[in-house]
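Here's work.cif, which has mmCIF, C-alpha atoms:
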data_input
loop_
_atom_site.group_PDB
_atom_site.id
_atom_site.type_symbol
_atom_site.label_atom_id
_atom_site.label_comp_id
_atom_site.auth_asym_id
_atom_site.auth_seq_id
_atom_site.Cartn_x
_atom_site.Cartn_y
_atom_site.Cartn_z
ATOM 1 C CA MET A 1 0.000 0.000 0.000
ATOM 2 C CA CYS A 2 2.596 2.522 0.985
ATOM 3 C CA ASN A 3 4.586 1.560 -2.107
ATOM 4 C CA HIS A 4 1.819 3.064 -4.229
ATOM 5 C CA ALA A 5 1.820 6.243 -2.135
ATOM 6 C CA VAL A 6 5.585 6.610 -2.573
ATOM 7 C CA GLU A 7 5.223 6.172 -6.333
ATOM 8 C CA ILE A 8 2.345 8.653 -6.622
ATOM 9 C CA VAL A 9 4.094 11.358 -4.593
ATOM 10 C CA ALA A 10 7.365 10.867 -6.509
ATOM 11 C CA LYS A 11 5.592 11.222 -9.855
ATOM 12 C CA THR A 12 3.773 14.331 -8.660
ATOM 13 C CA MET A 13 7.046 15.863 -7.483
ATOM 14 C CA ARG A 14 8.639 15.205 -10.881
ATOM 15 C CA ILE A 15 5.755 17.056 -12.528
ATOM 16 C CA VAL A 16 5.932 20.027 -10.138
ATOM 17 C CA GLY A 17 9.717 20.179 -10.174
ATOM 18 C CA GLY A 18 12.237 21.565 -7.697
ATOM 19 C CA ARG A 19 9.816 23.818 -5.856
ATOM 20 C CA SER A 20 8.152 20.699 -4.455
ATOM 21 C CA PHE A 21 11.177 20.389 -2.129
ATOM 22 C CA THR A 22 10.601 23.845 -0.640
ATOM 23 C CA LYS A 23 10.049 23.809 3.115
ATOM 24 C CA GLY A 24 6.370 24.388 3.776
ATOM 25 C CA ASN A 25 5.261 22.935 0.439
ATOM 26 C CA LYS A 26 2.613 20.250 0.950
ATOM 27 C CA LEU A 27 4.416 17.900 -1.443
ATOM 28 C CA GLU A 28 7.607 18.194 0.597
ATOM 29 C CA ARG A 29 5.683 17.084 3.674
ATOM 30 C CA LEU A 30 3.917 14.261 1.813
ATOM 31 C CA PHE A 31 7.260 13.075 0.457
ATOM 32 C CA ARG A 32 8.704 12.812 3.974
ATOM 33 C CA ASP A 33 5.568 11.140 5.311
ATOM 34 C CA VAL A 34 5.372 8.425 2.663
ATOM 35 C CA GLN A 35 9.087 7.695 2.947
ATOM 36 C CA CYS A 36 8.676 7.141 6.693
ATOM 37 C CA ALA A 37 5.611 4.961 6.176
ATOM 38 C CA ALA A 38 7.764 2.383 4.404
ATOM 39 C CA PHE A 39 9.560 1.686 7.694
ATOM 40 C CA ASN A 40 6.547 1.595 9.999
ATOM 41 C CA PRO A 41 4.139 -1.308 10.337
ATOM 42 C CA PRO A 42 1.991 -2.595 8.841
ATOM 43 C CA GLN A 43 4.189 -3.371 5.874
ATOM 44 C CA ASP A 44 2.915 -5.096 2.752
ATOM 45 C CA ASP A 45 4.156 -8.568 3.712
ATOM 46 C CA LEU A 46 2.481 -8.362 7.121
ATOM 47 C CA ILE A 47 -0.834 -7.253 5.625
ATOM 48 C CA ILE A 48 -0.775 -10.117 3.102
ATOM 49 C CA GLU A 49 0.045 -12.632 5.844
ATOM 50 C CA GLN A 50 -2.772 -11.391 8.084
ATOM 51 C CA LEU A 51 -5.248 -11.411 5.209
ATOM 52 C CA ALA A 52 -4.278 -14.968 4.250
ATOM 53 C CA THR A 53 -4.606 -16.162 7.847
ATOM 54 C CA PHE A 54 -8.050 -14.586 8.130
ATOM 55 C CA LEU A 55 -9.268 -16.047 4.842
ATOM 56 C CA LEU A 56 -7.973 -19.531 5.598
ATOM 57 C CA SER A 57 -9.445 -19.567 9.100
ATOM 58 C CA ASN A 58 -12.845 -18.492 7.762
ATOM 59 C CA GLY A 59 -13.116 -21.216 5.148
ATOM 60 C CA VAL A 60 -12.485 -19.069 2.068
ATOM 61 C CA LYS A 61 -11.063 -21.392 -0.567
ATOM 62 C CA GLU A 62 -11.239 -19.252 -3.699
ATOM 63 C CA GLU A 63 -8.029 -18.059 -5.291
ATOM 64 C CA ILE A 64 -7.276 -14.407 -4.616
ATOM 65 C CA ASN A 65 -4.811 -12.457 -6.741
ATOM 66 C CA VAL A 66 -2.790 -9.925 -4.770
#

When written as structure tokens, how does the structure in this file appear?
Amino acid sequence: MCNHAVEIVAKTMRIVGGRSFTKGNKLERLFRDVQCAAFNPPQDDLIIEQLATFLLSNGVKEEINV
């Protein structure tokens, strides 16, 4: 999930250019926030593991593409 946020913010910053790094710019803050999110739980692998555990314990047997 946070991987998508990082990608979206990075693309937006490339469109806006150097001023997106200016202190006080909302993109600068978003950039810092999404970078930090990558190191704070829940990370993608944990979410997938929890979802799989829930589905298996509740009798869901259909294939799910993640």

With a distance cut-off of 12 Å and all atoms listed in the file, select the neighbouring residues of Ser20 in chain A, excluding the residue or stretch itself and same-chain residues fewer than 6 positions from it, and output the selection as an MDAnalysis selection string.
-> chainID A and resid 9:14 26:32

Computed gap from CA of His4 in chain A to CA of Asp44 in chain A is 10.8 Å

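When CA of Asn40 in chain A is paired with CA of Ala5 in chain A, their separation reads 13.8 Å.
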
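The coordinates place CA of Phe39 in chain A at 22.9 Å from CA of Asn25 in chain A.
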
All file atoms of range 55-60 of chain A boxed axis-aligned, 5 Å per side, centre plus edges, as AutoDock Vina command-line options:
--center_x -10.5 --center_y -18.6 --center_z 5.6 --size_x 15.1 --size_y 15.2 --size_z 17.0

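Of the listed residues (A:Val34, A:Thr53, A:Asn58, A:Ile47), A:Val34 comes nearest to Glu7 in chain A; the distances count all atoms listed in the file.
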